[in-house]
Amino acid sequence: MTRSISGNIPKLYLIKISKWFMLTMPIIVLFYQENGLSMQDVLTLKGIYSVAVVALEIPSGYIADVWGRKKSLILGSILGCLGFVVYSFSSGFNGFLIAELILGIGSSFISGSDSALLYDSLLKMNREKEYLKQESRVMSVGNFAEALAGIAGGSLALISLRTPFIFQSFIAFIAIPASILLVDPNQNSIKLKVGFNHILGIVKFSLWDNVKLRWNIVFSSVIGCATLTLAWFIQPYLRDLNMEVSTIGVIWTLLNLTVGITALSAHKAEGYLGKTGTSIFIVIGISGGFILTGWFNSLIGVGVLFFFYFVRGIATPVLKNYINQITESEMRATVLSVRNFIIRICFAIIGPFLGWYTDHFNLSSALLLAGAIFFVLGGISVFFMTKAEK
């Protein structure tokens, strides 16, 4: 049994690769603009995607805890493939909206379930202390995949900006057999009692009753929203510097390689700085990345982007680990989904607003404003999280 559970780790790598080998990411904003969408339309579309994720984020996490993380991952993988099939044959805002809704629902069933299954697989093998290292490796694999996809996607875009979406459908399909072959480490355990009131009970426990868990979730969500937000500004930022599509793809590749390499040493950085030191470093690094990128609308700003992605490589696995360490297995996927729920809610509000601000003013001032917002939100979160720890 232990041997079969250990096989979950490489399968989770495959699921991560299929989800992160995003041929479309280096050119997606350019693709939208080619099809007549403004920057406000782009971030509104992504805001709607976030709402779709939000609508099922917590229920899907709860379903994963009750129904099984494996089944949840299978369903999410099928929908993830279908979404890109729809994208391949769509044009204009409405067609993209349908594809985004399908992808959003699929993502909600994967989100939280993958990390929860990884942690519980390690727990079953008495290797739970390895979680941060394994989560960092899984994240690195994903970022290395996204990095390679940057080059491949940029090359495919030379045929047409739609070509990467067609190939992406086949990449997304890889997750389906990988998820089917997973072994649920909790398949013989007592399941939670299904019920809407119980979902509310877990949410209340996470965000109200358990103060320590609450502020860990809030802080992780603020940083998650910040990293998601900047990702959608990189392409227009580089385009404003008059870079070619192929060059943008190369920079996208290098940025994701930076995250992947950094994530491998995230546990060492956290061990050296400690929880409070790491948290302060993350707030300053993430918010400072926005501000400096907006201030230097030049190649210096590109260098700042690399520093931002360096901080992101530390932040993502470390902050997930903080939550997992203080969460019981039977509600782990639901709690992680609460975190993702808050990320998407924040992005659904902040993203379209910053898109509107960019269209009516300029990209640099929008980045400066975003940096100020995330500095305040991150600083407040760290203050209360540290207070709760004491």
# chains A, B, ... in the order shown; residues from 1 in each chain; ligands from 1
>>> select_by_dssp(residues="segment 139-383 of chain A", states="alpha helix (DSSP H)", output="PyMOL selection string")
chain A and resi 139-156+163-173+175-180+196-204+211-240+245-264+266-295+299-325+332-360+363-383
>>> residues_around(residues="segment 114-131 of chain A", least_positions_apart="2", cutoff="8 Å", atoms="only C-alpha atoms", output="NGL selection string")
:A and (2 or 5-6 or 8-9 or 12 or 69-70 or 73 or 110-112 or 133-135 or 184-186 or 321 or 324 or 329 or 332-333 or 336)
>>> residues_around(residues="Cys81 of chain A", least_positions_apart="2", cutoff="7 Å", atoms="only C-alpha atoms", output="mmCIF file with all heavy atoms, in the first residue's frame")
data_model
loop_
_atom_site.group_PDB
_atom_site.id
_atom_site.type_symbol
_atom_site.label_atom_id
_atom_site.label_comp_id
_atom_site.auth_asym_id
_atom_site.auth_seq_id
_atom_site.Cartn_x
_atom_site.Cartn_y
_atom_site.Cartn_z
ATOM 1 N N SER A 77 -9.518 17.577 -14.228
ATOM 2 C CA SER A 77 -8.656 17.345 -15.394
ATOM 3 C C SER A 77 -9.473 17.274 -16.680
ATOM 4 O O SER A 77 -9.066 17.809 -17.723
ATOM 5 C CB SER A 77 -7.861 16.053 -15.213
ATOM 6 O OG SER A 77 -7.023 16.132 -14.075
ATOM 7 N N ILE A 78 -10.625 16.617 -16.615
ATOM 8 C CA ILE A 78 -11.502 16.513 -17.801
ATOM 9 C C ILE A 78 -11.986 17.899 -18.227
ATOM 10 O O ILE A 78 -11.946 18.257 -19.411
ATOM 11 C CB ILE A 78 -12.703 15.588 -17.508
ATOM 12 C CG1 ILE A 78 -12.220 14.132 -17.340
ATOM 13 C CG2 ILE A 78 -13.737 15.678 -18.629
ATOM 14 C CD1 ILE A 78 -13.299 13.181 -16.856
ATOM 15 N N LEU A 79 -12.434 18.695 -17.260
ATOM 16 C CA LEU A 79 -12.926 20.038 -17.571
ATOM 17 C C LEU A 79 -11.794 20.939 -18.069
ATOM 18 O O LEU A 79 -12.002 21.786 -18.942
ATOM 19 C CB LEU A 79 -13.585 20.658 -16.336
ATOM 20 C CG LEU A 79 -14.906 20.008 -15.892
ATOM 21 C CD1 LEU A 79 -15.385 20.595 -14.575
ATOM 22 C CD2 LEU A 79 -15.975 20.180 -16.969
ATOM 23 N N GLY A 83 -12.027 22.888 -21.634
ATOM 24 C CA GLY A 83 -11.957 24.343 -21.726
ATOM 25 C C GLY A 83 -11.070 24.819 -22.860
ATOM 26 O O GLY A 83 -11.415 25.756 -23.593
ATOM 27 N N PHE A 84 -9.933 24.161 -23.049
ATOM 28 C CA PHE A 84 -9.026 24.572 -24.123
ATOM 29 C C PHE A 84 -9.534 24.132 -25.498
ATOM 30 O O PHE A 84 -9.229 24.781 -26.505
ATOM 31 C CB PHE A 84 -7.619 24.053 -23.864
ATOM 32 C CG PHE A 84 -6.889 24.847 -22.825
ATOM 33 C CD1 PHE A 84 -6.659 24.311 -21.561
ATOM 34 C CD2 PHE A 84 -6.476 26.139 -23.089
ATOM 35 C CE1 PHE A 84 -6.002 25.058 -20.589
ATOM 36 C CE2 PHE A 84 -5.825 26.894 -22.126
ATOM 37 C CZ PHE A 84 -5.586 26.358 -20.867
ATOM 38 N N VAL A 85 -10.308 23.053 -25.527
ATOM 39 C CA VAL A 85 -10.949 22.668 -26.790
ATOM 40 C C VAL A 85 -11.911 23.766 -27.227
ATOM 41 O O VAL A 85 -11.944 24.169 -28.400
ATOM 42 C CB VAL A 85 -11.697 21.320 -26.642
ATOM 43 C CG1 VAL A 85 -12.552 21.043 -27.878
ATOM 44 C CG2 VAL A 85 -10.708 20.185 -26.414
ATOM 45 N N SER A 169 -4.774 21.895 -25.808
ATOM 46 C CA SER A 169 -5.813 20.892 -25.537
ATOM 47 C C SER A 169 -5.195 19.510 -25.330
ATOM 48 O O SER A 169 -5.621 18.753 -24.453
ATOM 49 C CB SER A 169 -6.811 20.843 -26.704
ATOM 50 O OG SER A 169 -7.405 22.106 -26.919
ATOM 51 N N ALA A 172 -3.290 19.417 -21.946
ATOM 52 C CA ALA A 172 -4.219 19.309 -20.815
ATOM 53 C C ALA A 172 -4.763 17.888 -20.666
ATOM 54 O O ALA A 172 -5.093 17.462 -19.555
ATOM 55 C CB ALA A 172 -5.373 20.302 -20.988
ATOM 56 N N PHE A 173 -4.838 17.161 -21.762
ATOM 57 C CA PHE A 173 -5.365 15.793 -21.718
ATOM 58 C C PHE A 173 -4.491 14.869 -20.867
ATOM 59 O O PHE A 173 -4.992 13.905 -20.277
ATOM 60 C CB PHE A 173 -5.484 15.235 -23.146
ATOM 61 C CG PHE A 173 -5.971 13.812 -23.188
ATOM 62 C CD1 PHE A 173 -7.327 13.528 -23.078
ATOM 63 C CD2 PHE A 173 -5.071 12.755 -23.331
ATOM 64 C CE1 PHE A 173 -7.780 12.215 -23.102
ATOM 65 C CE2 PHE A 173 -5.516 11.443 -23.356
ATOM 66 C CZ PHE A 173 -6.877 11.169 -23.242
#
>>> atom_distance(atom1="atom CA of Ile98 of chain A", atom2="atom CA of Ser72 of chain A")
21.1 Å
>>> closest_residue(among="A:Ile234, A:Val318, A:Leu182, A:Ala269", to="Leu132 of chain A", atoms="only C-alpha atoms")
A:Val318
>>> residues_around(residues="Phe219 of chain A", least_positions_apart="3", cutoff="9 Å", atoms="only C-alpha atoms", output="list in words")
Arg214, Trp215, Asn216, Val222, Ile223, Gly224, Ser279, Leu319, Leu377, Gly378, Gly379, Ile380, Ser381, Val382 and Met385 of chain A
>>> closest_atom_pairs(of="segment 181-282 of chain A", to="segment 18-33 of chain A", cutoff="7 Å", atoms="only C-alpha atoms", output="CSV")
residue,atom,partner,partner_atom,distance
A:Gln235,CA,A:Val29,CA,6.7
A:Ile248,CA,A:Pro26,CA,6.7
A:Gly249,CA,A:Pro26,CA,5.2
A:Trp252,CA,A:Pro26,CA,6.3
>>> residues_around(residues="Leu368 of chain A", least_positions_apart="3", cutoff="7 Å", atoms="only C-alpha atoms", output="VMD selection string")
chain A and resid 290 to 291 294 364 to 365 371 to 372
>>> closest_residue(among="A:Thr293, A:Ser136, A:Ser107, A:Asn94", to="Val53 of chain A", atoms="only C-alpha atoms")
A:Ser107
>>> closest_residue(among="A:Asp359, A:Asp41, A:Glu244, A:Glu389", to="Ala157 of chain A", atoms="only C-alpha atoms")
A:Glu244
>>> residues_around(residues="Ile282 of chain A", least_positions_apart="2", cutoff="9 Å", atoms="only C-alpha atoms", output="JSON, numbers by chain")
{"A": [223, 277, 278, 279, 280, 284, 285, 286, 287, 311, 312, 314, 315, 378]}
>>> write_last_selection(atoms="N, CA, C and O atoms", output="mmCIF file, in the first residue's frame")
data_model
loop_
_atom_site.group_PDB
_atom_site.id
_atom_site.type_symbol
_atom_site.label_atom_id
_atom_site.label_comp_id
_atom_site.auth_asym_id
_atom_site.auth_seq_id
_atom_site.Cartn_x
_atom_site.Cartn_y
_atom_site.Cartn_z
ATOM 1 N N ILE A 223 -0.801 37.473 -0.847
ATOM 2 C CA ILE A 223 0.382 37.265 -1.683
ATOM 3 C C ILE A 223 0.018 36.505 -2.961
ATOM 4 O O ILE A 223 0.518 36.805 -4.050
ATOM 5 N N GLY A 277 10.594 36.616 9.745
ATOM 6 C CA GLY A 277 11.530 37.202 8.791
ATOM 7 C C GLY A 277 11.155 36.895 7.353
ATOM 8 O O GLY A 277 11.220 37.763 6.476
ATOM 9 N N THR A 278 10.750 35.646 7.107
ATOM 10 C CA THR A 278 10.340 35.248 5.761
ATOM 11 C C THR A 278 9.101 36.021 5.317
ATOM 12 O O THR A 278 9.016 36.487 4.179
ATOM 13 N N SER A 279 8.141 36.177 6.219
ATOM 14 C CA SER A 279 6.890 36.878 5.901
ATOM 15 C C SER A 279 7.146 38.340 5.559
ATOM 16 O O SER A 279 6.580 38.872 4.589
ATOM 17 N N ILE A 280 7.995 39.004 6.348
ATOM 18 C CA ILE A 280 8.321 40.409 6.072
ATOM 19 C C ILE A 280 9.053 40.539 4.738
ATOM 20 O O ILE A 280 8.772 41.439 3.932
ATOM 21 N N ILE A 284 7.714 42.832 1.468
ATOM 22 C CA ILE A 284 8.552 43.876 0.877
ATOM 23 C C ILE A 284 8.930 43.521 -0.561
ATOM 24 O O ILE A 284 8.886 44.368 -1.469
ATOM 25 N N GLY A 285 9.284 42.252 -0.787
ATOM 26 C CA GLY A 285 9.684 41.823 -2.119
ATOM 27 C C GLY A 285 8.557 41.900 -3.135
ATOM 28 O O GLY A 285 8.750 42.383 -4.263
ATOM 29 N N ILE A 286 7.371 41.457 -2.750
ATOM 30 C CA ILE A 286 6.228 41.437 -3.673
ATOM 31 C C ILE A 286 5.729 42.853 -3.968
ATOM 32 O O ILE A 286 5.565 43.240 -5.132
ATOM 33 N N SER A 287 5.477 43.646 -2.928
ATOM 34 C CA SER A 287 4.976 45.006 -3.138
ATOM 35 C C SER A 287 6.045 45.879 -3.803
ATOM 36 O O SER A 287 5.745 46.679 -4.700
ATOM 37 N N VAL A 311 11.132 36.064 -5.347
ATOM 38 C CA VAL A 311 10.360 36.099 -4.100
ATOM 39 C C VAL A 311 9.154 35.172 -4.196
ATOM 40 O O VAL A 311 8.820 34.454 -3.247
ATOM 41 N N ARG A 312 8.519 35.143 -5.355
ATOM 42 C CA ARG A 312 7.364 34.264 -5.560
ATOM 43 C C ARG A 312 7.745 32.798 -5.373
ATOM 44 O O ARG A 312 6.977 32.013 -4.809
ATOM 45 N N ILE A 314 9.843 31.567 -3.367
ATOM 46 C CA ILE A 314 9.918 31.280 -1.935
ATOM 47 C C ILE A 314 8.525 31.287 -1.318
ATOM 48 O O ILE A 314 8.168 30.418 -0.524
ATOM 49 N N ALA A 315 7.728 32.288 -1.692
ATOM 50 C CA ALA A 315 6.442 32.530 -1.034
ATOM 51 C C ALA A 315 5.434 31.390 -1.197
ATOM 52 O O ALA A 315 4.826 30.946 -0.214
ATOM 53 N N GLY A 378 -0.650 43.293 2.785
ATOM 54 C CA GLY A 378 0.336 42.328 3.269
ATOM 55 C C GLY A 378 0.873 42.700 4.636
ATOM 56 O O GLY A 378 1.039 41.837 5.511
#
>>> atom_distance(atom1="atom CA of Thr247 of chain A", atom2="atom CA of Asn297 of chain A")
16.9 Å
>>> closest_residue(among="A:Ser38, A:Asn143, A:Ser220, A:Ser90", to="Ser337 of chain A", atoms="only C-alpha atoms")
A:Ser220
>>> atom_distance(atom1="atom CA of Ile105 of chain A", atom2="atom CA of Tyr49 of chain A")
8.6 Å
>>> closest_residue(among="A:Leu255, A:Val376, A:Ile343, A:Ala52", to="Val283 of chain A", atoms="only C-alpha atoms")
A:Val376
>>> closest_residue(among="A:Lys275, A:Met243, A:Arg137, A:Ser206", to="Thr262 of chain A", atoms="only C-alpha atoms")
A:Arg137
